[in-house]
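These notes are about the structure you will find just below.
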Amino acid sequence: MSGLTSMDVLVSLSKRRGFVFQSSEIYGGTGSVWDYGPLGVELKNNIKRVWWRDFVQARADMVGIDASILMHPMVWKASGHLDHFTDPMVDCRECKHRFRADHVDTLPWTHYCPATKGNKFTIPAGEPCGHCGQRRTLCPECGKGELTAPRQFNLMFKTFMGPVEEDAAVTYLRPETAQAMFVNFDNVLQSMRLRLPFGIAQAGRSFRNEITPGNFIFRTREFEQMEIEFFVNPNDRVDGRPADEYWHDRWIEDCMAWFKRYGLAAENLRLREHERDELAHYAKRTVDIEYKFPIGWSELMGIANRTDFDLKQHAKWSGKSLTYFDDERKEHVVPFVVEPAAGVDRALLAFMADAYREEEVRGEKRVLLKLHPELAPLKVAVLPLLKKRDDIVRTAHTIRADLARHWRVVYDDTAAIGRLYRRQDEVGTPYCVTVDVQTVGDRERGEAGDSRVTIRDRDSMEQMRVPIAELGAVFRELLDGAPWSRVSGRYPAPTAKASGP
Ligand SMILES: [Zn+2]
Ligand SMILES: [Zn+2]
């Protein structure tokens with residue numbers, strides 16, 4: 001299904017239901033910067049939370065940090081970003097349009113053809129003119145201007161530290177979170193008394209002044225990363241192999257399993273080994289996990305064996321020793337590092353694309369986000385069947401407040417129950433709770449309520465009647481991963497399905 005989900009469908013759903021908005025939209029928007037709305041921020045926080053729980057909290061060999069976005073400018077000299085984090089750019093001398101030099105020939109081009117009295121044509125990328133046989137030499141955009149020779153354009157956002165805007169105060173918004181783990185290596189090692197192998201994790205914002213960003217939140221100028229630097233002793237061997245190579249494979253497996261566990265279909269995931277000529281000069285091996293995005297197979301995350309390059313660079317430029325004392329061999333070593341680096345925004349896009357379904361239920365279209373319950377922005381929606389009945393509404397509010405101490409739970413009475421269910425399906429809410437007349441009883445007729453409510457399952461649309469007093473325990477079980485069928489086996493189905501599927 002994911003392969004069929006178009007980006008337009010996701011962009012439209014995101015805006016309509018409060019997941020992602022264009023930044024500064026009322027002013028016409030900002031180039032490739034996006035804002036997460038009320039449901040988007042929940043989904044994004046949930047992705048980061050389960051990542052942190054699974055890769056930091058649950059592991060004895062991991063710790064976390066939260067470093068500043070602004071770092072000492074020398075960090076970027078040492079890391080190589082200042083000199084090498086660049087794209088070659090060309091400019092049109094006429095219209096001033098700027099292009100990535102290696103992208104110019106992948107664009108359709110404007111041509112004023114001398115063989116047809118200068119008529120204007122748009123010619124497909126890389127093809128010659130069908131009339132005069134010329135190939136593109138001028139600006140593809142305006143068809144008139146000459147292009148400058150390529151110049152290197154640094155992708156880091158420059159800014160000034162302090163009140164003066166002069167060269168000495170120049171610093172950069174970090175283009176990756178990784179460097180903070182390297183420059184804090186010794187602080188973390190000493191303060192936490194760690195032994196190799198161990199990892200440092202961080203989730204946070206990074207900034208890249210991309211020349212050709214785009215594709216919704218796939219490539220943006222401001223984004224969030226979840227990065228791990230996992231340090232190993234290069235002299236150790238595990239299962240007869242060098243420790244760095246063993247751990248590199250382990251991390252590839254663990255990351256792949258993590259994406260599958262939270263809902264990405266196996267057939268939409270694959271590994272791609274970097275070729276020798278695309279490897280960064282310091283990397284021993286890099287493997288990307290690719291996802292079949294609506295734009296085609298693209299990088300979801302990368303897992304690189306960066307050797308001892310980063311620690312050695314920072315030791316060299318800072319003059320501080322960044323080594324580890326190997327007790328067994330009685331020597332100082334510079335650890336090797338394996339770096340699993342994922343983009344939060346990209347992961348969010350993949351989870352949404354994979355969860356998106358359109359089904360037909362009784363002749364009507366049902367849009368469904370089949371998100372993993374741990375990722376779903378809202379866990380439970382509490383819905384009153386009749387909003388004119390005070391006792392029903394009051395009970396529903398009390399249930400919401402009670403459950404909201406543990407989970408994100410909403411109350412909604414702004415439509416008929418069928419509509420309310422569809423709205424929750426569309427944003428991936430795994431469970432709805434309906435409060436009806438049976439719950440509260442009918443005093444005028446002298447009928448007592450049964451203090452039970454209906455829980456409805458998003459995926460199967462099945463329902464069960466559960467005592468209000470047991471809701472907390474039931475949701476703890478369901479949201480902890482218990483299958484619906486196991487829990488619903490203990491409770492009756494509603495006698496009258498007044499509430500529809
Ligand atoms: Zn031009
Ligand atoms: Zn021509």
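Scheme for the structure tokens: letters A, B, ... for chains in order shown; per-chain residue numbers from 1; ligand numbers from 1 in order shown.
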Which neighbours of Ser68 (chain A) fall inside 10 Å, counting only C-alpha atoms, when residues of the same chain fewer than 4 positions from it are skipped, and could you give them as a PyMOL selection string? chain A and resi 173-174+177+180+204-205
So which residues touch region 270-285 of chain A within 8 Å, counting only C-alpha atoms, skipping near sequence neighbours fewer than 6 positions away, as JSON, numbers by chain? {"A": [291, 304, 305, 306, 307, 309]}
Kindly provide, as an mmCIF file with N, CA, C and O atoms, in the first residue's frame, all nucleotide and amino acid residues lying within 12 Å of ligand 1, counting only C-alpha atoms and all ligand atoms.
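Listed below is the output, selection_9.cif:
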data_model
loop_
_atom_site.group_PDB
_atom_site.id
_atom_site.type_symbol
_atom_site.label_atom_id
_atom_site.label_comp_id
_atom_site.auth_asym_id
_atom_site.auth_seq_id
_atom_site.Cartn_x
_atom_site.Cartn_y
_atom_site.Cartn_z
ATOM 1 N N VAL A 90 26.662 26.890 -9.494
ATOM 2 C CA VAL A 90 26.852 27.818 -10.614
ATOM 3 C C VAL A 90 25.714 28.833 -10.591
ATOM 4 O O VAL A 90 24.611 28.523 -10.153
ATOM 5 N N ASP A 91 26.009 30.055 -11.050
ATOM 6 C CA ASP A 91 25.002 31.117 -11.083
ATOM 7 C C ASP A 91 24.767 31.566 -12.514
ATOM 8 O O ASP A 91 25.693 31.575 -13.320
ATOM 9 N N CYS A 92 23.533 31.981 -12.798
ATOM 10 C CA CYS A 92 23.225 32.568 -14.103
ATOM 11 C C CYS A 92 23.548 34.054 -14.038
ATOM 12 O O CYS A 92 23.113 34.743 -13.134
ATOM 13 N N ARG A 93 24.315 34.528 -15.023
ATOM 14 C CA ARG A 93 24.701 35.945 -15.025
ATOM 15 C C ARG A 93 23.518 36.852 -15.380
ATOM 16 O O ARG A 93 23.554 38.036 -15.086
ATOM 17 N N GLU A 94 22.492 36.310 -16.006
ATOM 18 C CA GLU A 94 21.312 37.102 -16.377
ATOM 19 C C GLU A 94 20.277 37.135 -15.245
ATOM 20 O O GLU A 94 20.004 38.171 -14.665
ATOM 21 N N CYS A 95 19.680 35.949 -14.966
ATOM 22 C CA CYS A 95 18.537 35.916 -14.046
ATOM 23 C C CYS A 95 18.955 35.638 -12.605
ATOM 24 O O CYS A 95 18.116 35.614 -11.715
ATOM 25 N N LYS A 96 20.256 35.395 -12.392
ATOM 26 C CA LYS A 96 20.818 35.195 -11.048
ATOM 27 C C LYS A 96 20.356 33.890 -10.382
ATOM 28 O O LYS A 96 20.585 33.689 -9.197
ATOM 29 N N HIS A 97 19.693 33.050 -11.148
ATOM 30 C CA HIS A 97 19.264 31.762 -10.599
ATOM 31 C C HIS A 97 20.507 30.954 -10.232
ATOM 32 O O HIS A 97 21.509 30.998 -10.930
ATOM 33 N N ARG A 98 20.419 30.217 -9.119
ATOM 34 C CA ARG A 98 21.578 29.431 -8.665
ATOM 35 C C ARG A 98 21.254 27.946 -8.771
ATOM 36 O O ARG A 98 20.166 27.513 -8.418
ATOM 37 N N PHE A 99 22.207 27.193 -9.270
ATOM 38 C CA PHE A 99 22.002 25.747 -9.452
ATOM 39 C C PHE A 99 23.155 24.968 -8.840
ATOM 40 O O PHE A 99 24.283 25.466 -8.791
ATOM 41 N N VAL A 104 22.594 20.703 -13.082
ATOM 42 C CA VAL A 104 22.177 21.535 -14.214
ATOM 43 C C VAL A 104 21.670 20.678 -15.370
ATOM 44 O O VAL A 104 20.670 20.989 -16.013
ATOM 45 N N TRP A 109 15.436 22.361 -20.135
ATOM 46 C CA TRP A 109 16.064 23.671 -20.390
ATOM 47 C C TRP A 109 15.317 24.508 -21.413
ATOM 48 O O TRP A 109 14.665 23.998 -22.308
ATOM 49 N N THR A 110 15.420 25.833 -21.184
ATOM 50 C CA THR A 110 14.749 26.805 -22.050
ATOM 51 C C THR A 110 15.674 27.141 -23.214
ATOM 52 O O THR A 110 16.867 27.363 -23.022
ATOM 53 N N HIS A 111 15.104 27.171 -24.413
ATOM 54 C CA HIS A 111 15.931 27.330 -25.607
ATOM 55 C C HIS A 111 15.246 28.273 -26.595
ATOM 56 O O HIS A 111 14.064 28.126 -26.896
ATOM 57 N N THR A 137 23.927 25.194 -23.360
ATOM 58 C CA THR A 137 25.159 25.794 -22.833
ATOM 59 C C THR A 137 24.803 26.924 -21.871
ATOM 60 O O THR A 137 25.567 27.234 -20.984
ATOM 61 N N LEU A 138 23.608 27.529 -22.043
ATOM 62 C CA LEU A 138 23.215 28.680 -21.219
ATOM 63 C C LEU A 138 22.375 28.226 -20.025
ATOM 64 O O LEU A 138 22.161 27.031 -19.810
ATOM 65 N N CYS A 139 21.894 29.198 -19.269
ATOM 66 C CA CYS A 139 21.063 28.937 -18.092
ATOM 67 C C CYS A 139 19.801 28.151 -18.470
ATOM 68 O O CYS A 139 19.062 28.568 -19.356
ATOM 69 N N PRO A 140 19.551 27.018 -17.811
ATOM 70 C CA PRO A 140 18.359 26.237 -18.159
ATOM 71 C C PRO A 140 17.058 26.967 -17.819
ATOM 72 O O PRO A 140 16.027 26.716 -18.435
ATOM 73 N N GLU A 141 17.113 27.893 -16.865
ATOM 74 C CA GLU A 141 15.916 28.589 -16.407
ATOM 75 C C GLU A 141 15.458 29.657 -17.407
ATOM 76 O O GLU A 141 14.345 29.610 -17.897
ATOM 77 N N CYS A 142 16.351 30.606 -17.730
ATOM 78 C CA CYS A 142 15.944 31.727 -18.584
ATOM 79 C C CYS A 142 16.360 31.523 -20.033
ATOM 80 O O CYS A 142 15.844 32.190 -20.927
ATOM 81 N N GLY A 143 17.334 30.624 -20.267
ATOM 82 C CA GLY A 143 17.756 30.328 -21.633
ATOM 83 C C GLY A 143 18.590 31.424 -22.273
ATOM 84 O O GLY A 143 18.899 31.381 -23.460
ATOM 85 N N LYS A 144 18.982 32.437 -21.469
ATOM 86 C CA LYS A 144 19.710 33.579 -22.029
ATOM 87 C C LYS A 144 21.081 33.789 -21.402
ATOM 88 O O LYS A 144 22.031 34.163 -22.076
ATOM 89 N N GLY A 145 21.143 33.580 -20.062
ATOM 90 C CA GLY A 145 22.367 33.937 -19.359
ATOM 91 C C GLY A 145 23.432 32.853 -19.423
ATOM 92 O O GLY A 145 23.137 31.668 -19.499
ATOM 93 N N GLU A 146 24.687 33.289 -19.374
ATOM 94 C CA GLU A 146 25.786 32.337 -19.240
ATOM 95 C C GLU A 146 25.897 31.930 -17.772
ATOM 96 O O GLU A 146 25.562 32.704 -16.875
ATOM 97 N N LEU A 147 26.398 30.735 -17.563
ATOM 98 C CA LEU A 147 26.578 30.264 -16.195
ATOM 99 C C LEU A 147 28.020 30.512 -15.746
ATOM 100 O O LEU A 147 28.954 30.392 -16.540
ATOM 101 N N THR A 148 28.176 30.863 -14.486
ATOM 102 C CA THR A 148 29.524 31.069 -13.946
ATOM 103 C C THR A 148 30.214 29.719 -13.806
ATOM 104 O O THR A 148 29.570 28.671 -13.853
#
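The spacing separating CA of Asn209 (chain A) from CA of Ser318 (chain A) amounts to 26.9 Å.
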Could you name the residues that touch Thr395 (chain A) at 9 Å or less, counting only C-alpha atoms, but leaving out those on the same chain fewer than 6 positions away, as a PDB file with C-alpha atoms, in the first residue's frame?
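Written output follows (part-v1.pdb):
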ATOM      1  CA  PRO A 384     -20.327  10.498  24.273  1.00  0.00           C
ATOM      2  CA  VAL A 435     -20.225   6.300  26.805  1.00  0.00           C
ATOM      3  CA  THR A 439     -23.430   3.163  30.916  1.00  0.00           C
ATOM      4  CA  VAL A 440     -25.241   5.731  33.034  1.00  0.00           C
TER       5      VAL A 440
END
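Relative to CA of Val382 (chain A), CA of Leu471 (chain A) is found at 11.6 Å.
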Residues of chain A that have any atom at most 12 Å from an atom of ligand 2: could you tabulate them with the shortest-distance atom pair and the distance in Å to one decimal, using only C-alpha atoms and all ligand atoms, ordered by chain and increasing number, as a tab-separated table?
residue	atom	partner	partner_atom_place_in_ligand_line	distance
A:Trp109	CA	ligand 2	1 (Zn)	11.3
A:Thr110	CA	ligand 2	1 (Zn)	10.0
A:His111	CA	ligand 2	1 (Zn)	6.6
A:Tyr112	CA	ligand 2	1 (Zn)	6.6
A:Cys113	CA	ligand 2	1 (Zn)	3.7
A:Pro114	CA	ligand 2	1 (Zn)	5.9
A:Ala115	CA	ligand 2	1 (Zn)	5.9
A:Thr116	CA	ligand 2	1 (Zn)	7.3
A:Lys117	CA	ligand 2	1 (Zn)	9.6
A:Gly118	CA	ligand 2	1 (Zn)	8.2
A:Asn119	CA	ligand 2	1 (Zn)	8.5
A:Lys120	CA	ligand 2	1 (Zn)	8.8
A:Phe121	CA	ligand 2	1 (Zn)	8.0
A:Thr122	CA	ligand 2	1 (Zn)	10.1
A:Ile123	CA	ligand 2	1 (Zn)	9.2
A:Glu127	CA	ligand 2	1 (Zn)	10.9
A:Pro128	CA	ligand 2	1 (Zn)	7.7
A:Cys129	CA	ligand 2	1 (Zn)	4.5
A:Gly130	CA	ligand 2	1 (Zn)	6.4
A:His131	CA	ligand 2	1 (Zn)	4.8
A:Cys132	CA	ligand 2	1 (Zn)	4.0
A:Gly133	CA	ligand 2	1 (Zn)	5.9
A:Gln134	CA	ligand 2	1 (Zn)	5.7
A:Arg135	CA	ligand 2	1 (Zn)	8.2
A:Arg136	CA	ligand 2	1 (Zn)	9.6
A:Thr137	CA	ligand 2	1 (Zn)	11.9
A:Gly143	CA	ligand 2	1 (Zn)	11.4
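The nearest approach to Leu368 (chain A) among the residues A:Arg208, A:Arg389, A:His397, A:Arg423, with only C-alpha atoms taken into account, belongs to A:Arg423.
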Smallest atom-to-atom distance to Thr434 (chain A): which of A:Ile228, A:Ile392, A:Ala469, A:Met461, using only C-alpha atoms?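 Smallest distance to Thr434 (chain A) is found for A:Ile392.
Those residues that approach Gln313 (chain A) to within 12 Å, counting only C-alpha atoms, are Met74, Val75, Trp76, Lys77, Ala78, Ser79, Gly80, Gln179, Phe182, Val183, Tyr282, Arg306, Thr307, Asp308, Ser318, Gly319, Lys320, Ser321, Leu322 and Val334 of chain A; same-chain residues fewer than 5 positions away are not listed.
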Take the residues from that selection and write them out as an mmCIF file, in the first residue's frame, keeping N, CA, C and O atoms.
data_model
loop_
_atom_site.group_PDB
_atom_site.id
_atom_site.type_symbol
_atom_site.label_atom_id
_atom_site.label_comp_id
_atom_site.auth_asym_id
_atom_site.auth_seq_id
_atom_site.Cartn_x
_atom_site.Cartn_y
_atom_site.Cartn_z
ATOM 1 N N MET A 74 35.895 25.990 16.045
ATOM 2 C CA MET A 74 36.994 25.068 15.735
ATOM 3 C C MET A 74 36.501 23.625 15.559
ATOM 4 O O MET A 74 37.153 22.820 14.910
ATOM 5 N N VAL A 75 35.339 23.321 16.181
ATOM 6 C CA VAL A 75 34.756 21.980 16.025
ATOM 7 C C VAL A 75 34.592 21.653 14.547
ATOM 8 O O VAL A 75 34.896 20.556 14.091
ATOM 9 N N TRP A 76 34.144 22.671 13.793
ATOM 10 C CA TRP A 76 33.824 22.436 12.367
ATOM 11 C C TRP A 76 35.056 22.466 11.486
ATOM 12 O O TRP A 76 35.045 21.947 10.374
ATOM 13 N N LYS A 77 36.108 23.079 12.016
ATOM 14 C CA LYS A 77 37.405 23.002 11.321
ATOM 15 C C LYS A 77 37.930 21.562 11.476
ATOM 16 O O LYS A 77 38.296 20.907 10.505
ATOM 17 N N ALA A 78 37.913 21.090 12.723
ATOM 18 C CA ALA A 78 38.441 19.750 13.007
ATOM 19 C C ALA A 78 37.629 18.654 12.318
ATOM 20 O O ALA A 78 38.183 17.675 11.818
ATOM 21 N N SER A 79 36.335 18.831 12.285
ATOM 22 C CA SER A 79 35.476 17.782 11.715
ATOM 23 C C SER A 79 35.557 17.734 10.192
ATOM 24 O O SER A 79 35.130 16.764 9.572
ATOM 25 N N GLY A 80 36.065 18.813 9.607
ATOM 26 C CA GLY A 80 36.157 18.868 8.145
ATOM 27 C C GLY A 80 34.986 19.583 7.499
ATOM 28 O O GLY A 80 34.988 19.820 6.299
ATOM 29 N N GLN A 179 29.086 15.643 16.332
ATOM 30 C CA GLN A 179 30.348 16.189 16.840
ATOM 31 C C GLN A 179 30.315 16.438 18.355
ATOM 32 O O GLN A 179 31.347 16.378 19.016
ATOM 33 N N PHE A 182 31.647 13.516 20.156
ATOM 34 C CA PHE A 182 33.112 13.368 20.084
ATOM 35 C C PHE A 182 33.799 14.357 21.021
ATOM 36 O O PHE A 182 34.714 13.995 21.747
ATOM 37 N N VAL A 183 33.350 15.623 21.021
ATOM 38 C CA VAL A 183 34.052 16.598 21.856
ATOM 39 C C VAL A 183 33.741 16.378 23.340
ATOM 40 O O VAL A 183 34.522 16.798 24.194
ATOM 41 N N TYR A 282 37.254 8.836 5.562
ATOM 42 C CA TYR A 282 37.600 8.252 6.855
ATOM 43 C C TYR A 282 36.796 6.992 7.163
ATOM 44 O O TYR A 282 37.057 6.301 8.128
ATOM 45 N N ARG A 306 33.187 4.839 11.350
ATOM 46 C CA ARG A 306 33.997 6.047 11.115
ATOM 47 C C ARG A 306 35.421 5.901 11.626
ATOM 48 O O ARG A 306 36.158 6.883 11.669
ATOM 49 N N THR A 307 35.774 4.700 12.054
ATOM 50 C CA THR A 307 37.115 4.398 12.592
ATOM 51 C C THR A 307 37.458 5.364 13.733
ATOM 52 O O THR A 307 36.587 5.781 14.480
ATOM 53 N N ASP A 308 38.754 5.749 13.834
ATOM 54 C CA ASP A 308 39.165 6.659 14.914
ATOM 55 C C ASP A 308 39.326 8.084 14.403
ATOM 56 O O ASP A 308 39.921 8.932 15.061
ATOM 57 N N SER A 318 42.428 20.254 19.285
ATOM 58 C CA SER A 318 42.213 20.818 20.626
ATOM 59 C C SER A 318 43.455 20.679 21.498
ATOM 60 O O SER A 318 43.593 21.361 22.505
ATOM 61 N N GLY A 319 44.333 19.754 21.127
ATOM 62 C CA GLY A 319 45.509 19.503 21.937
ATOM 63 C C GLY A 319 45.208 18.658 23.174
ATOM 64 O O GLY A 319 46.053 18.447 24.032
ATOM 65 N N LYS A 320 43.959 18.152 23.297
ATOM 66 C CA LYS A 320 43.576 17.319 24.439
ATOM 67 C C LYS A 320 43.624 15.847 24.028
ATOM 68 O O LYS A 320 43.278 15.510 22.897
ATOM 69 N N SER A 321 43.996 15.017 24.975
ATOM 70 C CA SER A 321 44.046 13.595 24.670
ATOM 71 C C SER A 321 42.633 13.010 24.715
ATOM 72 O O SER A 321 41.893 13.225 25.674
ATOM 73 N N LEU A 322 42.247 12.317 23.670
ATOM 74 C CA LEU A 322 40.923 11.681 23.641
ATOM 75 C C LEU A 322 41.132 10.177 23.453
ATOM 76 O O LEU A 322 40.888 9.631 22.375
ATOM 77 N N VAL A 334 42.882 4.835 20.902
ATOM 78 C CA VAL A 334 41.840 5.711 20.379
ATOM 79 C C VAL A 334 40.725 4.790 19.885
ATOM 80 O O VAL A 334 40.931 4.000 18.966
#
Quick one: pull the distance between CA of Leu385 (chain A) and CA of Val433 (chain A), Å, one decimal.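 Those two atoms sit 9.9 Å apart.
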From a DSSP pass on the backbone, collect the residues of region 90-214 of chain A flagged as strand (DSSP E or B) and hand them back as a PyMOL selection string. chain A and resi 90-92+98-100+109-113+119-123+147+151-154+158-160+170-173+198-207+214
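If only C-alpha atoms are the atoms counted, then among A:Phe259, A:Trp251, A:Phe160, A:Phe336 the closest residue to Glu290 (chain A) is A:Phe259.
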Give me the residues within 12 Å of region 14-16 of chain A as a PyMOL selection string, counting only C-alpha atoms and dropping any in the same chain fewer than 5 places off. chain A and resi 7-9+21-23+25+34-41+43+216-217+348-349+352-353+356+369+423+426-427
Name the closest residue to Val11 (chain A) among the candidates A:Ile303, A:Arg261, A:Ile69, A:Pro294; distances are taken between atoms, counting only C-alpha atoms.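 Distance minimum relative to Val11 (chain A) lands on A:Pro294.
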Using DSSP on the backbone coordinates, identify the residues of region 331-431 of chain A assigned to alpha helix (DSSP H); present them as a PyMOL selection string. chain A and resi 344-355+390-403+417-427
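In this comparison, which uses only C-alpha atoms, the residue of A:Leu386, A:Leu264, A:Met156, A:Ile417 approaching Asp436 (chain A) most closely is A:Leu386.
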Restricting to only C-alpha atoms, whichever of A:Thr414, A:Thr212, A:Thr86, A:Asn187 is closest to Phe153 (chain A) is A:Thr86
Near Asn154 (chain A), within 9 Å and counting only C-alpha atoms, which residues show up once chain neighbours fewer than 4 positions away are dropped, as an MDAnalysis selection string? chainID A and resid 81:88 209
